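Engineer: Below is the file input-v2.pdb, which contains PDB, C-alpha atoms.
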MODEL        1
ATOM      1  CA  MET A   1     170.423 179.004 113.754
ATOM      2  CA  SER A   2     166.824 180.170 113.790
ATOM      3  CA  ALA A   3     164.989 181.201 116.908
ATOM      4  CA  THR A   4     162.767 178.102 116.654
ATOM      5  CA  THR A   5     165.743 175.770 116.544
ATOM      6  CA  ALA A   6     167.328 177.521 119.468
ATOM      7  CA  ARG A   7     164.261 176.977 121.620
ATOM      8  CA  ARG A   8     164.251 173.137 121.141
ATOM      9  CA  PRO A   9     165.594 171.123 124.079
ATOM     10  CA  ARG A  10     169.210 170.259 123.605
ATOM     11  CA  ALA A  11     168.473 166.503 124.000
ATOM     12  CA  GLN A  12     165.889 166.688 121.234
ATOM     13  CA  GLN A  13     168.388 168.389 118.941
ATOM     14  CA  ARG A  14     170.814 165.498 119.482
ATOM     15  CA  ARG A  15     168.186 162.692 118.956
ATOM     16  CA  LYS A  16     169.155 160.316 116.184
ATOM     17  CA  PRO A  17     166.820 158.210 114.087
ATOM     18  CA  SER A  18     166.079 154.838 115.780
ATOM     19  CA  ARG A  19     167.505 151.756 114.127
ATOM     20  CA  GLY A  20     165.731 148.371 113.872
ATOM     21  CA  PRO A  21     167.222 145.132 115.214
ATOM     22  CA  ASP A  22     170.296 143.935 113.433
ATOM     23  CA  ARG A  23     170.288 140.858 111.201
ATOM     24  CA  ALA A  24     171.636 138.549 113.898
ATOM     25  CA  THR A  25     168.807 139.500 116.275
ATOM     26  CA  VAL A  26     166.194 138.938 113.596
ATOM     27  CA  LEU A  27     167.609 135.514 112.760
ATOM     28  CA  ARG A  28     167.743 134.577 116.423
ATOM     29  CA  ARG A  29     164.103 135.553 116.948
ATOM     30  CA  ARG A  30     163.042 133.567 113.917
ATOM     31  CA  ALA A  31     164.946 130.531 115.149
ATOM     32  CA  VAL A  32     163.271 130.748 118.557
ATOM     33  CA  ALA A  33     159.821 131.028 116.909
ATOM     34  CA  VAL A  34     160.479 128.031 114.670
ATOM     35  CA  MET A  35     161.739 125.959 117.588
ATOM     36  CA  SER A  36     158.625 126.866 119.612
ATOM     37  CA  VAL A  37     156.344 125.707 116.806
ATOM     38  CA  VAL A  38     158.336 122.497 116.340
ATOM     39  CA  THR A  39     158.214 121.810 120.079
ATOM     40  CA  VAL A  40     154.443 122.275 120.175
ATOM     41  CA  VAL A  41     153.965 120.008 117.146
ATOM     42  CA  VAL A  42     156.227 117.287 118.520
ATOM     43  CA  LEU A  43     154.634 117.435 121.961
ATOM     44  CA  GLY A  44     151.146 117.349 120.461
ATOM     45  CA  TYR A  45     152.065 114.364 118.302
ATOM     46  CA  ALA A  46     153.565 112.575 121.295
ATOM     47  CA  LEU A  47     150.478 113.170 123.431
ATOM     48  CA  TRP A  48     147.944 112.388 120.719
ATOM     49  CA  PHE A  49     149.471 109.531 118.760
ATOM     50  CA  THR A  50     151.929 107.738 121.044
ATOM     51  CA  SER A  51     151.729 105.895 124.344
ATOM     52  CA  LEU A  52     153.319 108.805 126.224
ATOM     53  CA  VAL A  53     149.837 109.358 127.687
ATOM     54  CA  GLY A  54     148.422 105.871 127.119
ATOM     55  CA  VAL A  55     145.589 103.801 128.510
ATOM     56  CA  GLY A  56     146.629 102.219 131.773
ATOM     57  CA  GLU A  57     143.250 101.018 133.042
ATOM     58  CA  VAL A  58     139.800 100.278 131.619
ATOM     59  CA  ALA A  59     137.308 100.602 134.482
ATOM     60  CA  VAL A  60     133.757  99.233 134.246
ATOM     61  CA  GLU A  61     130.751 100.423 136.251
ATOM     62  CA  GLY A  62     127.034  99.589 136.250
ATOM     63  CA  ASN A  63     127.372  95.968 135.133
ATOM     64  CA  VAL A  64     125.204  93.419 136.950
ATOM     65  CA  GLU A  65     124.868  90.248 134.897
ATOM     66  CA  LEU A  66     127.821  90.991 132.665
ATOM     67  CA  THR A  67     131.327  90.664 134.054
ATOM     68  CA  ALA A  68     133.726  93.579 133.795
ATOM     69  CA  GLU A  69     135.981  91.420 131.645
ATOM     70  CA  GLN A  70     133.188  90.763 129.147
ATOM     71  CA  VAL A  71     132.701  94.494 128.765
ATOM     72  CA  ARG A  72     136.443  95.149 128.394
ATOM     73  CA  VAL A  73     136.786  92.468 125.735
ATOM     74  CA  ALA A  74     133.892  93.959 123.771
ATOM     75  CA  ALA A  75     135.366  97.481 124.054
ATOM     76  CA  GLU A  76     138.700  96.409 122.502
ATOM     77  CA  VAL A  77     140.709  99.166 124.196
ATOM     78  CA  GLY A  78     144.347  98.126 124.258
ATOM     79  CA  ALA A  79     146.774  98.867 127.076
ATOM     80  CA  GLY A  80     149.039 101.759 126.147
ATOM     81  CA  GLU A  81     146.720 102.978 123.388
ATOM     82  CA  PRO A  82     146.918 106.805 123.128
ATOM     83  CA  ILE A  83     144.118 107.972 125.390
ATOM     84  CA  LEU A  84     143.646 111.428 123.876
ATOM     85  CA  SER A  85     142.985 110.091 120.376
ATOM     86  CA  LEU A  86     140.757 107.249 121.573
ATOM     87  CA  ASP A  87     137.525 107.147 119.548
ATOM     88  CA  THR A  88     135.029 106.947 122.405
ATOM     89  CA  GLY A  89     132.103 106.730 119.991
ATOM     90  CA  ALA A  90     133.551 103.651 118.321
ATOM     91  CA  VAL A  91     134.243 102.065 121.717
ATOM     92  CA  ALA A  92     130.656 102.704 122.824
ATOM     93  CA  ALA A  93     129.301 101.185 119.606
ATOM     94  CA  LYS A  94     131.294  97.996 120.217
ATOM     95  CA  VAL A  95     130.046  97.647 123.796
ATOM     96  CA  ARG A  96     126.439  98.204 122.690
ATOM     97  CA  GLU A  97     126.751  95.116 120.505
ATOM     98  CA  LEU A  98     126.561  93.043 123.691
ATOM     99  CA  PRO A  99     122.904  91.895 123.807
ATOM    100  CA  ARG A 100     122.533  92.723 127.484
ATOM    101  CA  VAL A 101     123.739  96.319 127.072
ATOM    102  CA  ALA A 102     121.037  98.966 126.671
ATOM    103  CA  ASP A 103     123.518 101.850 126.696
ATOM    104  CA  VAL A 104     127.053 102.777 127.694
ATOM    105  CA  GLU A 105     128.924 105.999 128.410
ATOM    106  CA  VAL A 106     132.649 106.128 127.605
ATOM    107  CA  SER A 107     134.806 108.772 129.252
ATOM    108  CA  ARG A 108     138.485 109.504 129.799
ATOM    109  CA  SER A 109     140.127 110.327 133.110
ATOM    110  CA  LEU A 110     143.701 111.493 132.699
ATOM    111  CA  PRO A 111     146.376 110.424 132.933
ATOM    112  CA  GLY A 112     145.362 106.921 131.822
ATOM    113  CA  THR A 113     141.897 105.656 132.790
ATOM    114  CA  VAL A 114     139.029 104.880 130.413
ATOM    115  CA  LEU A 115     135.676 104.489 132.173
ATOM    116  CA  LEU A 116     132.881 102.376 130.678
ATOM    117  CA  LYS A 117     129.597 103.100 132.489
ATOM    118  CA  VAL A 118     127.161 100.390 131.421
ATOM    119  CA  THR A 119     123.373 100.329 131.620
ATOM    120  CA  GLU A 120     122.107  96.776 131.273
ATOM    121  CA  ARG A 121     118.712  95.864 129.871
ATOM    122  CA  THR A 122     115.956  95.143 132.389
ATOM    123  CA  PRO A 123     113.455  92.384 131.588
ATOM    124  CA  VAL A 124     109.754  93.230 131.612
ATOM    125  CA  ALA A 125     108.511  89.838 130.392
ATOM    126  CA  VAL A 126     109.650  86.392 129.306
ATOM    127  CA  VAL A 127     108.939  84.092 126.378
ATOM    128  CA  GLN A 128     109.130  80.409 127.236
ATOM    129  CA  ALA A 129     110.819  78.250 124.602
ATOM    130  CA  ASP A 130     112.450  74.832 124.341
ATOM    131  CA  ASP A 131     115.885  76.301 125.061
ATOM    132  CA  GLY A 132     114.787  78.217 128.156
ATOM    133  CA  ALA A 133     113.224  81.511 129.179
ATOM    134  CA  HIS A 134     113.902  84.369 126.780
ATOM    135  CA  LEU A 135     114.138  87.729 128.520
ATOM    136  CA  VAL A 136     112.417  90.638 126.781
ATOM    137  CA  ASP A 137     113.083  94.276 127.680
ATOM    138  CA  ARG A 138     110.854  97.354 127.367
ATOM    139  CA  THR A 139     111.826  97.819 123.713
ATOM    140  CA  GLY A 140     110.608  94.301 122.877
ATOM    141  CA  LYS A 141     114.133  93.009 122.357
ATOM    142  CA  ASP A 142     114.776  89.350 123.174
ATOM    143  CA  TYR A 143     118.246  89.826 124.623
ATOM    144  CA  ALA A 144     119.102  86.813 126.791
ATOM    145  CA  THR A 145     118.066  83.241 127.581
ATOM    146  CA  THR A 146     118.082  81.710 131.051
ATOM    147  CA  SER A 147     117.267  78.246 132.312
ATOM    148  CA  ALA A 148     114.443  79.561 134.496
ATOM    149  CA  ALA A 149     112.320  82.693 134.260
ATOM    150  CA  PRO A 150     112.948  85.326 136.947
ATOM    151  CA  ALA A 151     110.167  85.455 139.514
ATOM    152  CA  GLY A 152     107.444  88.019 139.058
ATOM    153  CA  LEU A 153     107.742  88.513 135.295
ATOM    154  CA  PRO A 154     104.676  87.970 133.091
ATOM    155  CA  VAL A 155     104.907  85.392 130.330
ATOM    156  CA  LEU A 156     104.217  86.351 126.709
ATOM    157  CA  GLU A 157     102.247  83.470 125.222
ATOM    158  CA  GLY A 158     101.628  82.586 121.599
ATOM    159  CA  THR A 159     102.245  86.094 120.322
ATOM    160  CA  GLY A 160     103.601  86.972 116.905
ATOM    161  CA  GLU A 161     106.101  89.747 116.396
ATOM    162  CA  GLU A 162     103.476  92.487 116.108
ATOM    163  CA  ALA A 163     101.413  91.167 119.001
ATOM    164  CA  LEU A 164     104.560  90.817 121.108
ATOM    165  CA  ALA A 165     105.385  94.487 120.538
ATOM    166  CA  SER A 166     101.819  95.416 121.540
ATOM    167  CA  ALA A 167     102.012  93.253 124.665
ATOM    168  CA  VAL A 168     105.258  94.851 125.770
ATOM    169  CA  SER A 169     103.838  98.314 125.068
ATOM    170  CA  VAL A 170     100.890  97.582 127.365
ATOM    171  CA  LEU A 171     103.043  96.108 130.143
ATOM    172  CA  VAL A 172     105.430  99.059 130.347
ATOM    173  CA  GLN A 173     102.524 101.511 130.551
ATOM    174  CA  LEU A 174     100.667  99.713 133.336
ATOM    175  CA  PRO A 175     100.954 101.124 136.866
ATOM    176  CA  ASP A 176     103.225  99.015 139.056
ATOM    177  CA  ASP A 177     100.401  97.629 141.194
ATOM    178  CA  LEU A 178      98.524  96.356 138.121
ATOM    179  CA  ARG A 179     101.618  95.015 136.387
ATOM    180  CA  ARG A 180     102.462  92.907 139.426
ATOM    181  CA  GLU A 181      99.077  91.174 139.054
ATOM    182  CA  VAL A 182      99.665  90.148 135.430
ATOM    183  CA  LEU A 183     100.719  86.516 135.029
ATOM    184  CA  SER A 184     100.702  86.293 131.245
ATOM    185  CA  VAL A 185      99.757  88.165 128.091
ATOM    186  CA  GLY A 186      98.429  86.357 125.045
ATOM    187  CA  SER A 187      96.803  87.241 121.772
ATOM    188  CA  SER A 188      93.168  86.543 121.054
ATOM    189  CA  GLY A 189      93.770  87.241 117.393
ATOM    190  CA  GLY A 190      95.884  89.827 115.592
ATOM    191  CA  THR A 191      97.026  92.438 118.066
ATOM    192  CA  ASP A 192      94.050  92.021 120.428
ATOM    193  CA  LEU A 193      95.443  91.024 123.789
ATOM    194  CA  VAL A 194      94.198  89.022 126.749
ATOM    195  CA  LEU A 195      95.808  89.413 130.179
ATOM    196  CA  GLN A 196      95.699  86.528 132.653
ATOM    197  CA  MET A 197      95.895  87.923 136.156
ATOM    198  CA  SER A 198      96.176  86.583 139.681
ATOM    199  CA  ALA A 199      93.198  84.905 141.348
ATOM    200  CA  GLY A 200      92.119  83.376 138.040
ATOM    201  CA  ARG A 201      90.941  86.660 136.557
ATOM    202  CA  GLU A 202      91.023  87.361 132.819
ATOM    203  CA  VAL A 203      91.204  90.802 131.219
ATOM    204  CA  ARG A 204      90.162  91.252 127.621
ATOM    205  CA  TRP A 205      92.319  94.183 126.662
ATOM    206  CA  GLY A 206      92.028  94.573 122.926
ATOM    207  CA  SER A 207      94.688  96.629 121.177
ATOM    208  CA  ALA A 208      97.481  98.603 122.837
ATOM    209  CA  GLN A 209      95.694 101.874 122.094
ATOM    210  CA  ASP A 210      94.398 103.927 125.046
ATOM    211  CA  THR A 211      96.404 101.820 127.501
ATOM    212  CA  PRO A 212      96.561 104.475 130.260
ATOM    213  CA  ARG A 213      92.789 104.971 130.060
ATOM    214  CA  LYS A 214      92.097 101.228 130.004
ATOM    215  CA  ALA A 215      94.391 100.774 133.005
ATOM    216  CA  ALA A 216      92.485 103.424 134.970
ATOM    217  CA  VAL A 217      89.155 101.772 134.118
ATOM    218  CA  LEU A 218      90.485  98.299 134.994
ATOM    219  CA  ASP A 219      91.737  99.528 138.354
ATOM    220  CA  VAL A 220      88.130 100.418 139.242
ATOM    221  CA  LEU A 221      86.635  97.250 137.726
ATOM    222  CA  LEU A 222      88.906  94.997 139.773
ATOM    223  CA  THR A 223      87.149  96.184 142.930
ATOM    224  CA  ARG A 224      84.096  94.235 141.714
ATOM    225  CA  GLU A 225      83.593  90.490 141.908
ATOM    226  CA  GLY A 226      84.080  88.727 138.609
ATOM    227  CA  LYS A 227      86.253  86.510 136.470
ATOM    228  CA  VAL A 228      86.266  88.249 133.106
ATOM    229  CA  TYR A 229      86.945  91.971 132.816
ATOM    230  CA  ASP A 230      86.525  93.549 129.395
ATOM    231  CA  VAL A 231      88.132  96.940 128.725
ATOM    232  CA  THR A 232      88.375  96.511 124.979
ATOM    233  CA  SER A 233      86.187  99.578 124.758
ATOM    234  CA  PRO A 234      87.037 101.645 127.878
ATOM    235  CA  GLU A 235      83.830 103.670 127.407
ATOM    236  CA  LEU A 236      81.753 100.475 127.836
ATOM    237  CA  PRO A 237      83.649  98.129 130.185
ATOM    238  CA  THR A 238      82.039  94.967 131.469
ATOM    239  CA  VAL A 239      82.507  92.463 134.296
ATOM    240  CA  SER A 240      81.202  88.908 134.188
TER     241      SER A 240
ENDMDL
END
Just give me the structure of the file as C-alpha cells.

Structural biologist:
Amino acid sequence: MSATTARRPRAQQRRKPSRGPDRATVLRRRAVAVMSVVTVVVLGYALWFTSLVGVGEVAVEGNVELTAEQVRVAAEVGAGEPILSLDTGAVAAKVRELPRVADVEVSRSLPGTVLLKVTERTPVAVVQADDGAHLVDRTGKDYATTSAAPAGLPVLEGTGEEALASAVSVLVQLPDDLRREVLSVGSSGGTDLVLQMSAGREVRWGSAQDTPRKAAVLDVLLTREGKVYDVTSPELPTVS
C-alpha cells in the first residue's frame, strides 16, 4: 500500500460505485408519469367538452326595450353546454343580429354563469311612414318601428339615403341645447339640409360639412330676431 493510499480516509477507501434505480423502480416511475398525463388529459377533456362544468344560467344585463328572454333566445346558449369551450364571439355575433342591439359583451363566470351585457341602440331621430314611426340611431340605422314617435325626437322628412345619413351626422354633432330645438330635418335638394326649429324658425344648413362651426355660428344668430337663419356658408351667415 502506497503512502498516498494510506492517507485516504478509511470510509473513502470502502466507497463503492453508486448504482442506478433497478428496473422495477424505473417501470413504476414511468407508470406514474403516464397515469399523470392520462389524468390531466381526461380531466381537461371533461372540463372542456362535457357538461361537468356546464352552463347553468344565462344572465342578461343592460336591456331596456328587449326582454331578457329575447336576448337569451338570440344567443342560443344551451343549458349544460360546456362553459369553458363556449365560443363567446359566436354568441355575441348572434345577439348583435337583433336590430335593437348596438353591442354586447359576453363573459363567463365560473362555475356556470354566462353573462350577456347588452347595449341597446338609442334613437336620435324618427322617420314617419305608413306603418308607424321608424327609429333611427346615430349610425343612421333604421332599427325599430313604433306606433308613435317618442317625444322630443326630430323627424327626418323627405330625405333619400344619402341625405338621411347627412341629417343624422348633423344631429349627432349638434350641442344638446340646439338639438332640443330641432323639430325636423329635410332636404332642400341633394344633401343640402334645412332644419325646422321651435318658434317657427328655419335654418338653411347646407351640407353636413363644418357642422361644429355652423352650430357655433347658429348659436349666436339665434339671439337675433328672425325667421330664416342661413349658415350654409358659416363665413357669411344671414338672418331674415

Engineer: Kindly indicate which residue among A:Val168, A:Ala199, A:Val58, A:Val101 lies nearest to Glu225 of chain A, using only C-alpha atoms for the distances.

Structural biologist: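 Nearest candidate to Glu225 of chain A out of A:Val168, A:Ala199, A:Val58, A:Val101: A:Ala199.
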
Engineer: Neighbouring residues of Ala163 of chain A were defined as those with any atom within 7 Å, considering only C-alpha atoms; residues of the same chain fewer than 4 positions away were excluded. Please report them as a list in words.

Structural biologist: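 Selected residues are Thr159, Ala167, Ser187, Gly190 and Thr191 of chain A.
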
Engineer: A:Gln196, A:Ser240, A:Thr145, A:Thr88: which is nearest Val126 of chain A, counting all atoms listed in the file?

Structural biologist: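 Of all the options, A:Thr145 lies closest to Val126 of chain A.
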
Engineer: Between A:Ser169, A:Glu162, A:Gly54, A:Asp137, which is the closest to Ser109 of chain A once you count only C-alpha atoms?

Structural biologist: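 Checking each candidate against Ser109 of chain A, we get A:Gly54 as the closest.
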
Engineer: Distance atom CA of Val106 of chain A-atom CA of Val91 of chain A, one decimal place?

Structural biologist: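 Distance reported for this atom pair: 7.3 Å.
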
Engineer: Segment 180-204 of chain A near segment 226-232 of chain A within 12 Å: what's each residue's closest atom pair and its distance in Å to one decimal, counting all atoms listed in the file, ordered by chain then ascending residue number, as a tab-separated table?

Structural biologist:
residue	atom	partner	partner_atom	distance
A:Ser188	CA	A:Thr232	CA	11.7
A:Thr191	CA	A:Thr232	CA	11.8
A:Asp192	CA	A:Thr232	CA	8.5
A:Leu193	CA	A:Thr232	CA	9.0
A:Val194	CA	A:Asp230	CA	9.3
A:Leu195	CA	A:Tyr229	CA	9.6
A:Gln196	CA	A:Val228	CA	9.6
A:Met197	CA	A:Lys227	CA	9.8
A:Ser198	CA	A:Lys227	CA	10.4
A:Ala199	CA	A:Lys227	CA	8.6
A:Gly200	CA	A:Lys227	CA	6.8
A:Arg201	CA	A:Lys227	CA	4.7
A:Glu202	CA	A:Val228	CA	4.8
A:Val203	CA	A:Tyr229	CA	4.7
A:Arg204	CA	A:Asp230	CA	4.7

Engineer: Do you have the atom CA of Pro237 of chain A-atom CA of Arg138 of chain A distance handy?

Structural biologist: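 These two atoms are separated by 27.4 Å.
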
Engineer: Could you write out as a ChimeraX atom specification the residues that the PyMOL selection byres ((chain A and resi 234) around 10) matches in the shown file?

Structural biologist: /A:205-206,210-211,213-218,230-233,235-238

Engineer: As a check of understanding, name the residues that the PyMOL selection byres ((chain A and resi 64) around 10) selects in the supplied structure, as an NGL selection string.

Structural biologist: :A and (61-63 or 65-68 or 100 or 118-121)

Engineer: Residues at most 9 Å from Lys94 of chain A, counting only C-alpha atoms, excluding those fewer than 4 positions away in the same chain, as a compact mmCIF listing (two decimals) with C-alpha atoms, keeping the file's coordinate frame?

Structural biologist:
# COMPACT_ATOMS: atom_id res chain seq x y z
CA ALA A 74 133.89 93.96 123.77
CA ALA A 75 135.37 97.48 124.05
CA GLU A 76 138.70 96.41 122.50
CA GLY A 89 132.10 106.73 119.99
CA ALA A 90 133.55 103.65 118.32
CA LEU A 98 126.56 93.04 123.69

Engineer: Measuring atom to atom with all atoms listed in the file, identify which of A:Pro154, A:Pro212, A:Val77, A:Glu161 is nearest to Pro175 of chain A.

Structural biologist: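 Smallest separation from Pro175 of chain A among the options: A:Pro212.
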